[in-house]
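**Q** Structure provided below as structure tokens; questions to follow.
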Amino acid sequence: MTREIFPTRNAAAAHRRKSVAARRVGLGAACACGEKRPEALIPNVNPPICAACQRTALGKSAVDKHHFASKANNATTIHVPVNDHRAELSTAQADWPQSTLRNIEGSPLLAAAGCVRGFVDTILYLIERGLLWIAELLENLDEFLMKQLGPGWWIGTEVEQFAPKRKPHAKS
């Protein structure tokens, strides 16, 4: 039996939203900084520019306050880069049940659900932005060291203490 750890995203709805955003800014559009997520680009601007570059050019902050649980559920905000706010966290909230996102009646149960969903979305964002690059760095560094120093490059160094402890292989 497989258990889903992360919330199920509505792939069809997410694709539709991304397609609409891409049409608004132009297919294949990208900011001079390299930002190409359509949700982060400003519509109807030529040449294309992202929200962060536009704000920086106007002398404004490129950081937003994100209502992680949606404003209807909790007033707490976290500071995030505007492009990530638009292209990652707000799009994640768009996949929530509308009853939780809007919480029109002020249900404490929906507010709690919003806090849980927002926490999960935020943690996933932080894992992707804050940790995955480290795994990629370590993998690339290991490949580099393997090419430069050969297999077992860590043996006899301070790094050896971190090597996995393995039982000797039985001979066949």
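Going through the structure tokens in order, the chains are called A, B, and so on, while each chain numbers its residues from 1 and the ligands are numbered from 1 in the order shown.
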List the neighbours of stretch 152-155 of chain A out to 12 Å using only C-alpha atoms; skip same-chain residues closer than 5 positions along the sequence, and give me the result as number ranges by chain.
**A** A: 141-147, 160-164
**Q** Next, the residues of the selection above should be written as a JSON list (two decimals), in the first residue's frame with N, CA, C and O atoms.
**A**
[["chain", "number", "residue", "atom", "x", "y", "z"],
["A", 141, "LEU", "N", 30.18, 17.49, -6.42],
["A", 141, "LEU", "CA", 31.51, 17.50, -5.80],
["A", 141, "LEU", "C", 32.06, 16.08, -5.70],
["A", 141, "LEU", "O", 33.25, 15.86, -5.98],
["A", 142, "ASP", "N", 31.22, 15.11, -5.33],
["A", 142, "ASP", "CA", 31.69, 13.73, -5.26],
["A", 142, "ASP", "C", 32.15, 13.25, -6.63],
["A", 142, "ASP", "O", 33.21, 12.61, -6.74],
["A", 143, "GLU", "N", 31.41, 13.58, -7.66],
["A", 143, "GLU", "CA", 31.81, 13.18, -9.02],
["A", 143, "GLU", "C", 33.14, 13.83, -9.40],
["A", 143, "GLU", "O", 34.02, 13.18, -9.96],
["A", 144, "PHE", "N", 33.30, 15.10, -9.07],
["A", 144, "PHE", "CA", 34.56, 15.80, -9.35],
["A", 144, "PHE", "C", 35.73, 15.15, -8.61],
["A", 144, "PHE", "O", 36.78, 14.88, -9.19],
["A", 145, "LEU", "N", 35.54, 14.89, -7.31],
["A", 145, "LEU", "CA", 36.61, 14.28, -6.51],
["A", 145, "LEU", "C", 36.94, 12.87, -6.99],
["A", 145, "LEU", "O", 38.10, 12.46, -6.98],
["A", 146, "MET", "N", 35.93, 12.14, -7.41],
["A", 146, "MET", "CA", 36.15, 10.80, -7.94],
["A", 146, "MET", "C", 37.02, 10.88, -9.20],
["A", 146, "MET", "O", 37.95, 10.08, -9.36],
["A", 147, "LYS", "N", 36.76, 11.84, -10.05],
["A", 147, "LYS", "CA", 37.56, 11.99, -11.28],
["A", 147, "LYS", "C", 38.98, 12.45, -10.96],
["A", 147, "LYS", "O", 39.94, 12.01, -11.58],
["A", 160, "GLU", "N", 36.28, 10.69, 6.05],
["A", 160, "GLU", "CA", 36.04, 9.25, 6.17],
["A", 160, "GLU", "C", 35.08, 8.91, 7.31],
["A", 160, "GLU", "O", 34.30, 7.96, 7.21],
["A", 161, "GLN", "N", 35.07, 9.70, 8.38],
["A", 161, "GLN", "CA", 34.18, 9.43, 9.51],
["A", 161, "GLN", "C", 32.70, 9.48, 9.12],
["A", 161, "GLN", "O", 31.85, 8.94, 9.82],
["A", 162, "PHE", "N", 32.39, 10.12, 8.00],
["A", 162, "PHE", "CA", 31.00, 10.24, 7.56],
["A", 162, "PHE", "C", 30.60, 9.15, 6.56],
["A", 162, "PHE", "O", 29.45, 9.09, 6.14],
["A", 163, "ALA", "N", 31.54, 8.30, 6.18],
["A", 163, "ALA", "CA", 31.24, 7.23, 5.23],
["A", 163, "ALA", "C", 30.27, 6.24, 5.87],
["A", 163, "ALA", "O", 30.34, 5.98, 7.07],
["A", 164, "PRO", "N", 29.34, 5.68, 5.08],
["A", 164, "PRO", "CA", 28.40, 4.71, 5.65],
["A", 164, "PRO", "C", 29.15, 3.49, 6.18],
["A", 164, "PRO", "O", 30.14, 3.05, 5.59]]
**Q** Neighbouring residues of stretch 75-84 of chain A were defined as those with any atom within 12 Å, considering only C-alpha atoms; residues of the same chain fewer than 4 positions away were excluded. Please report them as a PyMOL selection string.
**A** chain A and resi 31+33-42+49-56+60-71+88-92+111+114-115+118-119+122+125-126+128-129
**Q** Check stretch 5-153 of chain A with DSSP on the backbone and list each residue it calls strand (DSSP E), as a PyMOL selection string.
**A** chain A and resi 63-67+77-81
**Q** Atom CA of A:Ala14 and atom CA of A:Arg102 are how many Å apart?
**A** 18.4 Å
**Q** Quick check for you: according to DSSP on this backbone, which residues of chain A are classed as alpha helix (DSSP H)? Reply as JSON, numbers by chain.
**A** {"A": [11, 12, 13, 14, 15, 16, 17, 18, 19, 20, 21, 22, 23, 24, 25, 51, 52, 53, 54, 55, 56, 57, 82, 83, 84, 90, 91, 92, 93, 94, 98, 99, 100, 101, 102, 108, 109, 110, 111, 112, 113, 114, 115, 116, 117, 118, 119, 120, 121, 122, 123, 124, 125, 126, 127, 128, 129, 130, 132, 133, 134, 135, 136, 137, 138, 139, 140, 141, 142, 143, 144, 145, 146, 147, 148, 149]}
**Q** Just checking: using only C-alpha atoms, which residue out of A:Pro43, A:Ser19, A:Ala12, A:Asn73 ends up closest to A:Pro108?
**A** A:Asn73
**Q** Restricting the calculation to only C-alpha atoms, which member of A:Asn74, A:Arg86, A:Val120, A:Ala11 is positioned closest to A:Asn103?
**A**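 Closest to A:Asn103 of all the choices is A:Asn74.
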**Q** Quick one: distance from atom CA of A:Ala112 to atom CA of A:Thr100 in Å, one decimal?
**A** 9.0 Å
**Q** Ranking A:Leu132, A:Leu149, A:Trp96, A:Asn140 by minimum distance to A:Val116 and counting only C-alpha atoms, which one comes first?
**A**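 Counting only C-alpha atoms, the residue closest to A:Val116 is A:Trp96.
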**Q** Could you state the separation of atom CA of A:Ala87 and atom CA of A:Pro47 in Å, given to one decimal place?
**A**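 Computing it gives 19.4 Å between the two atoms.
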